[in-house]
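A.B. asks: Handing you a structure now.
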Amino acid sequence: MEWARFAEQLVGALAIGCIYSLIALGYSMIIRATEILHFAQGEIVMLGAMFGVTLFRFTPLPYVAVFIIAMALAGVAGFLLEVGVYRVLRGRKVTLLNIMIATVGVSIVLQNVARLTWGSEPIRYPTIYAKATYSLGPLQVPTQMLWVVLAGLALMVALQLFFEKTRQGLALQAAAQDPQTAQLMGINLDRTISLTFAISGAVGGAAGVLLAPMFFATFDMGFITGIKGFVAATLGGLGSIPGAMLGGILFGILETFGAIWISTSYKDAIGMILLIVILLVFPQGLMGLIGQGEGRR
Amino acid sequence: MSRSSSRRIRDVGFTLILVVAFALLPLVYPQEYFVHLLALSAISTILAMGLQLVFGYAGQISIAHGAFFGIGAYTSALLMLRLGWPFVLAFLAAGAMAAMWSLVLVPIVRLRGPYLAVATLGFAILVHLILLNEEWLTEGPFGLMNVPSPKIGSWTFGSEARMYYLCLACAILIYFGLRRIVSSRFGRALEAIEQNEEAARSCGIDVRLYKIKCFLVAAFTAGLAGSLFAHLTHYLNPNDFTFWKSIQIILMIVVGGLGSLEGAVVGAIIMTLLPEYLRAWDDVRLLIYGLLVIVFMAFGKKGLIGLLQSAVVLARRRLRRTTSSFGLAEKTAK
C-alpha cells in the first residue's frame with residue numbers, strides 16, 4: 001500500500017478510534033464511580049445520534065450548535081436514568097449484579113422508545129460539510145474525519161482539564177476513589193454520581209452525533225457500538241480515564257487495519273482476541289502496564 | 001418421622017405433580033404453536049439450569065452460555081445432515097462438542113467479576129463470527145435448513161407434541177442430574193467459591209479445577225439443549241446464537257432467582273412465554289418486556305422464587321398467629 005493511502009486510512013482509524021474513546025470514557029467514569037457496568041451506554045450514544053438528526057431536520061441550526069445541544073440532551077437522558085432508575089434500585093439495597101441486569105432492561109426500553117419515536121428505518125444524516133474532502137498536500141482527507149478527530153480530542157482535553165483543575169472534577173475523583181472518606185469531607189455522593197451519569201451521557205451523545213453521519217442513525221446502532229466501546233475501555237484499563245482514551249484510539253486502529261490486512265468478516269474477532277489476551281496477561285489493561293500508580297486515577 | 005424426611009416427601013410429591021401437570025398441558029391445549037412454545041420453554045429450562053450452576057452457585061458471570069448452545073445446535077444438526085449419524089449419538093456429541101469448546105475457556109476462568117464477563121463475551125462473539133463466516137460448514141448467514149427430526153429406534157419425533165415430550169424428559173433428567181451435583185461435595189465447593197474464593201482455597205478446594213469442571217458441566221447441558229433446539233425448529237441461523245442469547249439466559253435466572261434450580265426453571269418458563277403473551281401489545285411488546293426486567297431487578301437477588309418464598313413464610317406466620325390467638329381465646333373462655 002502506498003503511504004498516502006495508508007495515511008488516509010490512518011485518519012479514518014483515528015476518527016473511529018476517537019469515537020470509541022468517547023464511549024469508553026462513559027463506561028469508565030460510571031464504573032469508577034459506582035462499579036456498575038452500564039449496558040445502556042450504547043443506547044445513550046444512539047439517543048445522541050437521534051437527537052442530532054432530529055435537530056438537523058427541524059431547526060436551521062449550524063452543525064456546532066446541533067452538536068452541543070444533542071450532547072446536552074443526551075447528558076440529561078443519562079442524568080434521568082440515574083435519578084429515575086439506578087438511584088431507586090440502590091435505595092432498595094439490591095446487589096450490584098441486579099443493577100447491572102437492570103441496565104440491560106434500560107437498554108431494551110431505550111431501544112424500543114427510539115424505535116417507536118424515530119421508526120425502524122435507518123436515517124441518513126444530511127450533508128453537513130460544504131467541502132467533502134480536504135487536501136493536505138497529496139492527501140485527500142474527508143472533512144468529516146478531520147472534524148471527528150478534532151472534536152473528539154477537544155472533548156477529551158476538556159474533560160481531563162475538568163477532572164484535574166476544577167473543584168467539582170476533583171470531588172468526582174475523590175468520591176470515586178473512596179466514597180466514605182469523600183462523604184466525610186463534605187462531598188454529596190448522590191450529586192457526584194448523578195453528575196457522573198450526566199457527563200457520561202453527554203460524552204456518549206457526542207460520540208453518537210459524530211458516529212451517525214459516517215453510517216446511518218438506527219434505533220439498534222447502540223448495543224454493538226456500546227460493546228465495542230466497553231472493550232476499548234477494558235483494553236485501556238477499566239476505570240482509568242487516560243486508559244479509556246488510549247484504548248479507544250488503539251481499538252479503532254486495530255479494527256480498521258485488521259479489516260484491511262487480515263479479513264473483513266473477522267474484523268470484530270481481532271479486537272476480541274486481543275481483548276482476551278490483554279485480560280489474561282495484564283488484567284489492569286494498558287494503563288496498568290504503563291504505570292501502576294497512574295492506572296487507577 | 002423427622003422433619004427433613006417429611007419435607008423431602010413433600011418436595012418429591014410437589015415435583016411429581018408439576019411434572020404430571022406439564023405432561024398433560026399439550027392434551028389440554030393442543031394448539032401446535034402453544035406446544036412449540038412449551039418445547040422451547042423446556043429447552044430454555046435446560047439452558048437456565050446449566051447457567052445457574054456457573055452463575056448462581058459458583059458466582060461466575062459468564063456471557064458464553066449462548067455460544068455453547070449454538071455449538072451444540074450446529075454439531076447435532078451437521079452430524080445428522082452431513083454424516084447421517086443417528087439422533088442419540090448426535091445428541092450426545094452435541095453436548096461433548098460444547099464441553100470440549102468450554103476447555104478453550106480454561107485460561108480465562110481465573111479472571112473475576114466484570115473481567116470474566118468481558119472475556120466470555122469476547123468468546124461468545126468469536127463463536128458467532130465463526131458460525132457466520134465459515135460457510136463451507138455452516139452455510140453462513142443463509143442458515144442451515146431441513147434439519148431432520150430425531151429418531152430413536154422406530155420412533156420419529158415428528159410432531160410438536162412428541163418433540164415437547166422429548167424436551168420435557170430431557171429437562172427432567174437434567175434437573176435431577178444437576179440436583180445431585182449441587183447437593184454433593186462439588187456443589188458445596190462451588191457455593192464456597194461464590195462466597196469467598198480465598199477462603200475456599202484455604203479450605204483445600206482446588207478453585208481452578210472446580211471452576212473448569214463447573215463450566216464443563218454447564219457447557220455440556222447447553223450443548224444438549226442446542227441439539228434439541230436444532231431438531232425442534234429444523235432451521236438454524238447464526239443470528240440465533242449471538243451474545244444476546246447469553247444475555248437472555250442470564251435474564252432468565254436473575255428473574256427467577258439466583259442460586260436455586262427452581263429459580264432457573266421459573267425464570268426460564270416466564271421469560272420464554274412472556275414475550276409471546278405480550279404480542280397482544282405488538283409494538284410496545286419489547287418496551288414492556290424491558291420495563292418488567294427493571295422491575296424484577298428491584299426484588300433482589302432471590303428473584304421471583306425468593307418473593308414467593310417470603311410470601312409463603314409471611315402467610316404461614318400470619319396463619320400461625322391467628323390459630324394461636326384462637327387457642328388463647330379458647331383457654332380464656334374455659
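Letters A, B, ... mark the chains of the C-alpha cells in the order given; residue numbers begin at 1 per chain; ligand numbers begin at 1, in order shown.
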Hey, list the chain B side of the contact with chain A: 8 Å cut-off, only C-alpha atoms, answer as an MDAnalysis selection string.

C.D. replies: chainID B and resid 107:108 111 114:115 118:119 122:123 125:126 129 133 251 254 283:284 286:294 297:301

A.B. asks: Give the strand (DSSP E or B) residues of range 124-214 of chain B, as assigned by DSSP on the backbone, as a PyMOL selection string.

C.D. replies: chain B and resi 144+151-152+155-156

A.B. asks: Using C-alpha atoms, can you write the selected residues to a file as a short mmCIF file (atom, residue, chain, number, x, y, z; two decimals), in the first residue's frame?

C.D. replies:
```cif
data_model
loop_
_atom_site.label_atom_id
_atom_site.label_comp_id
_atom_site.auth_asym_id
_atom_site.auth_seq_id
_atom_site.Cartn_x
_atom_site.Cartn_y
_atom_site.Cartn_z
CA LEU B 144 -28.87 -24.49 7.94
CA LYS B 151 -35.48 -40.75 15.52
CA ILE B 152 -34.93 -43.20 18.33
CA TRP B 155 -39.90 -43.72 16.94
CA THR B 156 -39.82 -40.48 14.97
#
```

A.B. asks: With distances taken over only C-alpha atoms, which residue among B:Thr120, B:Ser44, B:Ser183, B:Ser149 lies nearest Ala64 in chain B?

C.D. replies: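 With only C-alpha atoms as the atom set, the closest residue is B:Thr120.
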
A.B. asks: Just the residues within 10 Å of range 246-249 of chain B, please, counting only C-alpha atoms, with nothing from its chain fewer than 6 positions along; format it as number ranges by chain.

C.D. replies: A: 101, 104; B: 44-45, 47-52, 62-69, 120-121, 124, 255, 264, 267-268, 271-272
